[in-house]
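As stored in protein.txt (compact mmCIF, C-alpha atoms):
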```txt
# COMPACT_ATOMS: atom_id res chain seq x y z
CA MET E 26 -54.30 -36.70 36.08
CA THR E 27 -54.08 -33.27 34.54
CA PRO E 28 -55.28 -32.98 30.92
CA ALA E 29 -51.71 -32.13 29.84
CA TYR E 30 -50.31 -35.26 31.46
CA SER E 31 -53.06 -37.40 29.94
CA PHE E 32 -52.24 -35.94 26.53
CA PHE E 33 -48.49 -36.52 27.00
CA HIS E 34 -49.16 -40.07 28.11
CA TRP E 35 -51.42 -40.65 25.10
CA LEU E 36 -48.60 -39.41 22.82
CA THR E 37 -46.21 -42.02 24.22
CA GLN E 38 -48.81 -44.73 23.54
CA THR E 39 -49.43 -43.81 19.90
CA TYR E 40 -47.92 -45.93 17.14
CA ILE E 41 -45.14 -43.38 16.58
CA GLY E 42 -44.47 -43.00 20.30
CA ARG E 43 -44.20 -46.74 20.76
CA GLU E 44 -42.01 -47.20 17.68
CA MET E 45 -39.66 -44.47 18.93
CA GLN E 46 -39.30 -46.31 22.24
CA GLY E 47 -39.24 -49.84 20.91
CA ASN E 48 -36.90 -49.52 17.94
CA ALA E 49 -33.33 -49.31 19.21
CA TYR E 50 -32.09 -47.46 16.10
CA LEU E 51 -34.93 -45.01 15.65
CA PHE E 52 -34.34 -42.69 18.62
CA PRO E 53 -30.59 -42.16 18.02
CA THR E 54 -31.24 -41.69 14.30
CA VAL E 55 -33.88 -39.02 14.88
CA GLU E 56 -31.63 -37.44 17.52
CA ALA E 57 -28.75 -37.29 15.02
CA LEU E 58 -31.10 -35.69 12.48
CA HIS E 59 -32.17 -33.18 15.16
CA ILE E 60 -28.50 -32.20 15.67
CA MET E 61 -28.02 -31.89 11.89
CA GLY E 62 -31.12 -29.69 11.72
CA SER E 63 -29.65 -27.38 14.36
CA VAL E 64 -26.85 -26.62 11.87
CA ALA E 65 -29.37 -25.37 9.28
CA LEU E 66 -31.59 -23.50 11.75
CA VAL E 67 -29.01 -21.99 14.11
CA GLY E 68 -26.38 -21.61 11.37
CA ALA E 69 -28.68 -19.63 9.07
CA THR E 70 -30.21 -17.52 11.86
CA SER E 71 -26.73 -16.79 13.24
CA ILE E 72 -25.56 -15.48 9.86
CA ILE E 73 -28.56 -13.13 9.65
CA SER E 74 -28.17 -12.16 13.33
CA LEU E 75 -24.44 -11.43 12.94
CA ARG E 76 -25.28 -9.21 9.95
CA LEU E 77 -27.94 -7.40 12.01
CA ALA E 78 -25.41 -6.92 14.81
CA GLY E 79 -23.05 -5.40 12.25
CA LEU E 80 -20.42 -8.07 12.84
CA PHE E 81 -20.49 -10.08 9.60
CA LEU E 82 -21.09 -9.61 5.85
CA THR E 83 -21.31 -5.85 6.46
CA GLU E 84 -20.63 -5.13 2.77
CA VAL E 85 -23.81 -7.02 1.81
CA PRO E 86 -27.24 -5.31 2.22
CA ILE E 87 -29.22 -6.81 5.10
CA SER E 88 -32.20 -7.50 2.85
CA LYS E 89 -29.96 -9.59 0.58
CA VAL E 90 -28.54 -11.60 3.49
CA ALA E 91 -32.07 -12.19 4.77
CA LYS E 92 -33.32 -13.21 1.33
CA GLN E 93 -30.49 -15.73 0.91
CA PHE E 94 -30.48 -17.28 4.36
CA LEU E 95 -34.05 -16.98 5.72
CA PRO E 96 -35.35 -19.89 3.57
CA TRP E 97 -32.68 -22.12 5.16
CA ALA E 98 -33.64 -20.92 8.63
CA TRP E 99 -37.28 -21.80 7.95
CA LEU E 100 -36.36 -25.12 6.38
CA GLY E 101 -34.25 -25.92 9.43
CA PHE E 102 -37.03 -24.79 11.76
CA GLY E 103 -39.59 -27.05 10.07
CA PHE E 104 -37.15 -29.94 10.25
CA GLN E 105 -36.49 -29.28 13.95
CA VAL E 106 -40.21 -29.14 14.74
CA VAL E 107 -40.82 -32.51 13.06
CA THR E 108 -37.78 -34.32 14.54
CA GLY E 109 -38.35 -32.60 17.90
CA ILE E 110 -41.97 -33.77 18.08
CA LEU E 111 -40.86 -37.33 17.25
CA LEU E 112 -38.31 -37.26 20.09
CA PHE E 113 -40.89 -35.70 22.41
CA MET E 114 -43.49 -38.36 21.61
CA SER E 115 -41.15 -41.11 22.77
CA GLU E 116 -40.69 -39.61 26.23
CA ALA E 117 -43.43 -37.03 26.63
CA THR E 118 -44.26 -38.11 30.18
CA LEU E 119 -40.59 -37.63 31.15
CA ALA E 120 -40.67 -34.10 29.72
CA TYR E 121 -43.75 -33.34 31.82
CA ASP E 122 -42.62 -31.46 34.92
CA ASN E 123 -39.09 -31.27 33.47
CA ALA E 124 -37.81 -27.74 34.14
CA ILE E 125 -35.17 -27.92 31.39
CA PHE E 126 -37.76 -28.91 28.80
CA GLN E 127 -39.91 -25.95 29.86
CA VAL E 128 -36.90 -23.62 29.67
CA LYS E 129 -36.09 -24.88 26.17
CA MET E 130 -39.65 -24.35 24.96
CA ALA E 131 -39.79 -20.91 26.60
CA LEU E 132 -36.53 -19.93 24.88
CA ILE E 133 -37.90 -21.02 21.49
CA VAL E 134 -41.09 -19.00 22.02
CA PHE E 135 -39.04 -16.01 23.19
CA GLY E 136 -36.77 -16.26 20.14
CA GLY E 137 -39.83 -16.43 17.89
CA ILE E 138 -41.40 -13.36 19.53
CA VAL E 139 -38.17 -11.34 19.22
CA ALA E 140 -37.88 -12.29 15.53
CA LEU E 141 -41.56 -11.52 14.88
CA VAL E 142 -41.55 -8.16 16.65
CA PHE E 143 -38.32 -7.23 14.87
CA GLN E 144 -39.74 -8.20 11.49
CA GLN E 145 -42.98 -6.28 12.00
CA THR E 146 -41.34 -3.10 13.32
CA VAL E 147 -37.69 -2.29 12.66
CA TYR E 148 -37.32 -4.50 9.59
CA ARG E 149 -40.21 -2.76 7.81
CA ARG E 150 -37.98 0.30 7.51
CA VAL E 151 -34.97 -1.78 6.42
CA LYS E 152 -34.52 0.30 3.24
CA SER E 153 -33.38 3.28 5.30
CA TRP E 154 -30.53 1.33 6.95
CA ASP E 155 -30.04 -1.62 4.62
CA VAL E 156 -26.48 -0.76 3.59
CA THR E 157 -25.45 1.49 6.49
CA ASN E 158 -24.85 0.83 10.15
CA PRO E 159 -27.95 -0.98 11.52
CA PRO E 160 -29.94 0.89 14.21
CA PHE E 161 -29.57 -0.10 17.84
CA SER E 162 -32.83 -2.10 17.77
CA ALA E 163 -31.54 -4.23 14.89
CA LYS E 164 -28.23 -4.87 16.64
CA PHE E 165 -30.11 -5.71 19.83
CA ALA E 166 -32.32 -8.20 17.98
CA GLY E 167 -29.23 -9.74 16.35
CA TYR E 168 -27.33 -10.24 19.61
CA THR E 169 -30.44 -11.51 21.40
CA LEU E 170 -31.29 -14.08 18.72
CA ILE E 171 -27.76 -15.51 18.67
CA VAL E 172 -27.74 -15.94 22.45
CA VAL E 173 -31.26 -17.41 22.46
CA TRP E 174 -30.61 -20.01 19.74
CA PHE E 175 -27.34 -21.21 21.20
CA ALA E 176 -29.05 -21.38 24.59
CA VAL E 177 -31.73 -23.58 22.98
CA ILE E 178 -28.96 -25.98 21.87
CA ALA E 179 -27.46 -26.01 25.37
CA ALA E 180 -30.90 -26.63 26.90
CA GLY E 181 -31.40 -29.49 24.43
CA ARG E 182 -28.12 -31.07 25.49
CA TRP E 183 -29.10 -30.70 29.14
CA LEU E 184 -32.55 -32.08 28.51
CA ASN E 185 -30.92 -35.24 27.18
CA SER E 186 -29.08 -36.00 30.42
CA SER E 187 -31.92 -34.88 32.68
CA VAL E 188 -34.37 -37.19 30.91
CA ALA E 189 -31.88 -40.05 30.75
CA ASN E 190 -31.25 -39.81 34.50
CA ALA E 191 -34.84 -39.20 35.52
CA PRO E 192 -36.78 -41.89 37.33
CA LEU E 193 -40.23 -42.55 35.87
CA PRO E 194 -42.44 -39.99 37.63
CA PRO E 195 -45.73 -41.15 39.08
CA PRO E 196 -48.76 -39.62 37.37
CA PRO E 197 -49.81 -36.46 39.25
CA MET T 19 -2.12 -51.78 17.48
CA GLN T 20 -0.35 -51.99 20.80
CA ILE T 21 1.24 -48.56 20.35
CA LEU T 22 -2.13 -46.91 19.65
CA TYR T 23 -3.60 -48.51 22.76
CA SER T 24 -0.61 -47.37 24.84
CA LEU T 25 -1.11 -43.84 23.54
CA CYS T 26 -4.83 -43.91 24.40
CA TYR T 27 -4.04 -45.33 27.84
CA TRP T 28 -1.48 -42.61 28.46
CA ILE T 29 -3.86 -39.81 27.37
CA GLY T 30 -6.72 -41.30 29.38
CA ASN T 31 -4.59 -41.44 32.50
CA SER T 32 -2.99 -38.02 32.03
CA PRO T 33 -4.10 -35.30 34.46
CA MET T 34 -6.16 -33.70 31.67
CA GLY T 35 -8.05 -36.90 30.90
CA LYS T 36 -8.62 -37.61 34.58
CA VAL T 37 -9.88 -34.10 35.38
CA VAL T 38 -12.58 -34.29 32.69
CA HIS T 39 -13.41 -37.91 33.53
CA ASP T 40 -13.74 -37.32 37.28
CA SER T 41 -15.69 -34.09 37.05
CA ALA T 42 -19.48 -34.28 37.09
CA TRP T 43 -19.98 -31.11 35.05
CA MET T 44 -16.98 -30.83 32.72
CA PHE T 45 -18.00 -33.53 30.22
CA PRO T 46 -21.51 -32.17 29.56
CA VAL T 47 -20.22 -28.58 29.40
CA ILE T 48 -17.47 -29.47 26.91
CA GLU T 49 -19.96 -31.55 24.94
CA THR T 50 -22.30 -28.55 24.75
CA ILE T 51 -19.45 -26.38 23.41
CA HIS T 52 -18.70 -29.20 20.95
CA LEU T 53 -22.36 -28.93 19.77
CA PHE T 54 -21.97 -25.13 19.40
CA GLY T 55 -18.82 -25.78 17.36
CA ILE T 56 -20.78 -28.05 14.99
CA VAL T 57 -23.04 -25.14 14.07
CA VAL T 58 -20.06 -22.88 13.33
CA LEU T 59 -17.91 -25.44 11.49
CA VAL T 60 -20.56 -27.42 9.61
CA GLY T 61 -22.80 -24.38 9.13
CA ALA T 62 -20.05 -22.28 7.51
CA ALA T 63 -18.72 -25.23 5.50
CA SER T 64 -22.24 -26.03 4.24
CA VAL T 65 -22.68 -22.48 2.91
CA LEU T 66 -19.57 -22.90 0.75
CA ASP T 67 -20.53 -26.46 -0.22
CA LEU T 68 -24.06 -25.46 -1.29
CA ARG T 69 -22.60 -22.63 -3.39
CA LEU T 70 -20.09 -25.00 -5.01
CA MET T 71 -22.88 -27.48 -5.68
CA GLY T 72 -24.87 -24.73 -7.38
CA VAL T 73 -27.80 -25.26 -4.99
CA ALA T 74 -27.87 -21.90 -3.20
CA PHE T 75 -26.28 -18.45 -2.68
CA LYS T 76 -25.69 -17.97 -6.41
CA ASP T 77 -25.90 -14.17 -5.96
CA PHE T 78 -22.50 -14.36 -4.26
CA THR T 79 -19.26 -15.15 -6.05
CA VAL T 80 -17.48 -18.26 -4.77
CA SER T 81 -14.41 -16.29 -3.72
CA ALA T 82 -16.48 -13.71 -1.80
CA LEU T 83 -18.18 -16.50 0.15
CA ALA T 84 -14.85 -18.27 0.72
CA ASP T 85 -13.33 -15.00 2.02
CA ARG T 86 -16.18 -14.49 4.48
CA PHE T 87 -16.82 -18.04 5.63
CA LEU T 88 -13.38 -19.67 5.70
CA PRO T 89 -12.36 -17.80 8.89
CA TRP T 90 -15.49 -19.21 10.60
CA ILE T 91 -14.73 -22.68 9.29
CA TRP T 92 -11.23 -22.50 10.76
CA ALA T 93 -12.43 -21.02 14.04
CA GLY T 94 -15.10 -23.72 14.32
CA PHE T 95 -12.59 -26.40 13.43
CA ALA T 96 -10.22 -25.20 16.17
CA VAL T 97 -13.03 -25.27 18.76
CA GLN T 98 -13.95 -28.80 17.63
CA VAL T 99 -10.35 -30.05 17.82
CA VAL T 100 -9.83 -28.69 21.35
CA THR T 101 -13.22 -29.75 22.76
CA GLY T 102 -13.13 -33.04 20.85
CA PHE T 103 -9.70 -33.87 22.20
CA LEU T 104 -10.82 -33.13 25.78
CA LEU T 105 -13.87 -35.39 25.37
CA PHE T 106 -11.63 -38.09 23.87
CA ALA T 107 -9.08 -37.78 26.66
CA SER T 108 -11.74 -38.41 29.31
CA GLU T 109 -12.50 -41.85 27.86
CA ALA T 110 -9.52 -42.57 25.62
CA THR T 111 -9.20 -46.31 26.24
CA LYS T 112 -12.95 -46.72 25.67
CA MET T 113 -12.62 -44.85 22.38
CA TYR T 114 -9.77 -47.16 21.35
CA GLY T 115 -12.29 -49.98 21.27
CA SER T 116 -15.06 -47.98 19.58
CA GLY T 117 -15.57 -48.77 15.90
CA VAL T 118 -17.80 -45.71 15.47
CA PHE T 119 -15.06 -43.45 16.85
CA ARG T 120 -12.62 -44.82 14.26
CA VAL T 121 -15.15 -44.27 11.50
CA LYS T 122 -15.60 -40.68 12.69
CA MET T 123 -11.84 -40.02 12.66
CA LEU T 124 -11.52 -41.52 9.16
CA LEU T 125 -14.42 -39.37 7.93
CA ILE T 126 -12.71 -36.25 9.34
CA LEU T 127 -9.50 -37.27 7.57
CA ALA T 128 -11.45 -37.77 4.33
CA ALA T 129 -13.12 -34.35 4.70
CA GLY T 130 -9.69 -32.78 5.24
CA ILE T 131 -8.18 -34.50 2.19
CA ASN T 132 -11.20 -33.52 0.07
CA ALA T 133 -10.86 -29.87 1.12
CA LEU T 134 -7.09 -29.91 0.53
CA VAL T 135 -7.36 -31.51 -2.91
CA PHE T 136 -10.05 -29.01 -3.91
CA HIS T 137 -8.04 -26.08 -2.55
CA PHE T 138 -4.89 -26.99 -4.50
CA ILE T 139 -6.50 -28.26 -7.72
CA GLY T 140 -10.13 -27.20 -8.34
CA TYR T 141 -9.98 -23.84 -6.54
CA ARG T 142 -6.89 -22.57 -8.38
CA SER T 143 -8.96 -21.70 -11.44
CA VAL T 144 -11.75 -20.09 -9.35
CA GLY T 145 -11.27 -16.73 -11.12
CA THR T 146 -12.50 -18.18 -14.39
CA TRP T 147 -15.76 -19.71 -13.10
CA GLU T 148 -16.67 -18.07 -9.78
CA ARG T 149 -19.42 -15.95 -11.35
CA ASP T 150 -21.04 -18.90 -13.08
CA PRO T 151 -24.18 -20.07 -11.28
CA VAL T 152 -23.00 -23.63 -11.79
CA ALA T 153 -19.39 -24.45 -10.91
CA PRO T 154 -17.27 -27.00 -12.84
CA LEU T 155 -17.81 -30.68 -12.12
CA SER T 156 -14.73 -30.95 -9.88
CA ALA T 157 -16.01 -28.12 -7.66
CA ARG T 158 -19.53 -29.52 -7.52
CA LEU T 159 -18.12 -32.92 -6.63
CA ALA T 160 -15.94 -31.44 -3.88
CA GLY T 161 -19.01 -29.61 -2.51
CA VAL T 162 -21.22 -32.72 -2.45
CA LEU T 163 -18.48 -34.84 -0.87
CA SER T 164 -17.75 -32.19 1.75
CA ILE T 165 -21.36 -31.70 2.87
CA LEU T 166 -22.01 -35.46 2.98
CA LEU T 167 -18.80 -36.08 4.95
CA TRP T 168 -19.47 -33.30 7.49
CA PHE T 169 -23.03 -34.39 8.18
CA GLY T 170 -21.78 -37.98 8.35
CA ILE T 171 -19.27 -36.85 10.97
CA VAL T 172 -22.07 -35.22 12.98
CA GLY T 173 -24.08 -38.44 12.76
CA ALA T 174 -21.10 -40.57 13.75
CA GLY T 175 -20.50 -38.28 16.72
CA ARG T 176 -24.00 -38.85 18.00
CA TRP T 177 -23.51 -42.59 17.54
CA ILE T 178 -20.34 -42.69 19.64
CA ALA T 179 -22.49 -41.98 22.69
CA TYR T 180 -24.52 -45.12 21.98
CA SER T 181 -21.65 -47.43 21.01
```
Structure rendered as structure tokens:
Amino acid sequence: MTPAYSFFHWLTQTYIGREMQGNAYLFPTVEALHIMGSVALVGATSIISLRLAGLFLTEVPISKVAKQFLPWAWLGFGFQVVTGILLFMSEATLAYDNAIFQVKMALIVFGGIVALVFQQTVYRRVKSWDVTNPPFSAKFAGYTLIVVWFAVIAAGRWLNSSVANAPLPPPP
Amino acid sequence: MQILYSLCYWIGNSPMGKVVHDSAWMFPVIETIHLFGIVVLVGAASVLDLRLMGVAFKDFTVSALADRFLPWIWAGFAVQVVTGFLLFASEATKMYGSGVFRVKMLLILAAGINALVFHFIGYRSVGTWERDPVAPLSARLAGVLSILLWFGIVGAGRWIAYS
């Protein structure tokens, strides 16, 4: 057994992991909460991204849009991490070796890197383009983040059916 | 409700219902678009609701937010109606027997009535209070009801898959 698989297996055997599997109402409830959280996270980031792309709320300074909606994006992100980990703990061994799960995680990391790089570079000079047409790099970040976050939702939907249809894999 | 069942049977056996039902990829693809639509519809509606409730976005006037976000609410709603109807058509007779599906439809109806009542009664005087950080009770009430109903609809939607 690889250390990762052992860890994933251990997660499924924890109290939380077992409760998530054993309680018929818990998994769908957490899943519903995870969908609700996507509204806060992807909704808020989309509003900021559309503003960066110059497609929405163009009469409002970018810094004001960010100030109003970033807290909701972070709140949604925290909520998604918690509910996502709970879902993961119930079927961690099924997610092991699951290509769609890996794609979803890679997309989230990629989205985080794009946001971080943008924030540390282009956004530092936001005052010079706050109320005018955003520079190409800002538009690029905006378009990229919208595509990435909606792709994360699609990957999540696909993960659901791939895990549901997967036979229990033997430990490697 | 013989007539309702006949209608569901007819939709389920229509070419449209059969195409989605028989295809291996159409249902999950439409369901994914339905999830995208949630973000647009419920996301945009929540922004307005939170402003009406006096919880967030107080730097914006209510009418400015309504101007900007209502088109997204309507666009999202249209996507949800089309994709939702296709999903329904693929398993219409099954949905006839689903209590959760009925609850979801009633919640959507309630959300629509709430929005309509607010639009024609509470919102008419928006000019007199839209700069106030806290809206009148009727507006706050409409906001709370709306956000609870929409998230309830999302929850009910997830539950349909398990019912």
Using all atoms listed in the file, determine which residues of chain E fall within 12 Å of chain T; present them as JSON, numbers by chain. {"E": [49, 50, 51, 52, 53, 54, 55, 56, 57, 58, 59, 60, 61, 62, 63, 64, 65, 66, 67, 68, 69, 70, 71, 72, 76, 80, 81, 82, 83, 84, 85, 89, 90, 91, 92, 93, 94, 95, 96, 97, 98, 101, 171, 172, 174, 175, 176, 177, 178, 179, 180, 181, 182, 183, 184, 185, 186, 187]}
Interatomic distance, CA of Pro159 in chain E to CA of Trp90 in chain T (Å, one decimal):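 According to the coordinates, CA of Pro159 in chain E and CA of Trp90 in chain T are separated by 22.1 Å.
In this model, the gap between CA of Gly137 in chain E and CA of Thr118 in chain E comes to 25.3 Å.
Proximity to Tyr27 in chain T was assessed for T:Ser181, T:Asn132, T:Ser108, T:Ser164 counting only C-alpha atoms; the smallest distance is recorded for T:Ser108.
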Residues near Gly167 in chain E, anyone? I mean within 6 Å using all atoms listed in the file, not counting same-chain ones fewer than 2 positions away, as an NGL selection string. :E and (74 or 77-78 or 164-165 or 169-170)
So how many Å separate CA of Pro89 in chain T and CA of Val121 in chain T, to one decimal? 26.7 Å
With a distance cut-off of 10 Å and only C-alpha atoms, select the neighbouring residues of Leu22 in chain T, excluding the residue or stretch itself and same-chain residues fewer than 6 positions from it, and output the selection as a PyMOL selection string. chain T and resi 28+111+114
Can you pull out every residue within 8 Å of range 28-45 of chain E, counting only C-alpha atoms, but drop anything in the same chain fewer than 3 positions away, and send it as a list of chain:residue names?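 My reading of the contact set: E:Asn48, E:Ala49, E:Leu51, E:Phe52, E:Leu111, E:Leu112, E:Met114, E:Ser115, E:Glu116, E:Ala117, E:Thr118, E:Tyr121, E:Pro196, E:Pro197.
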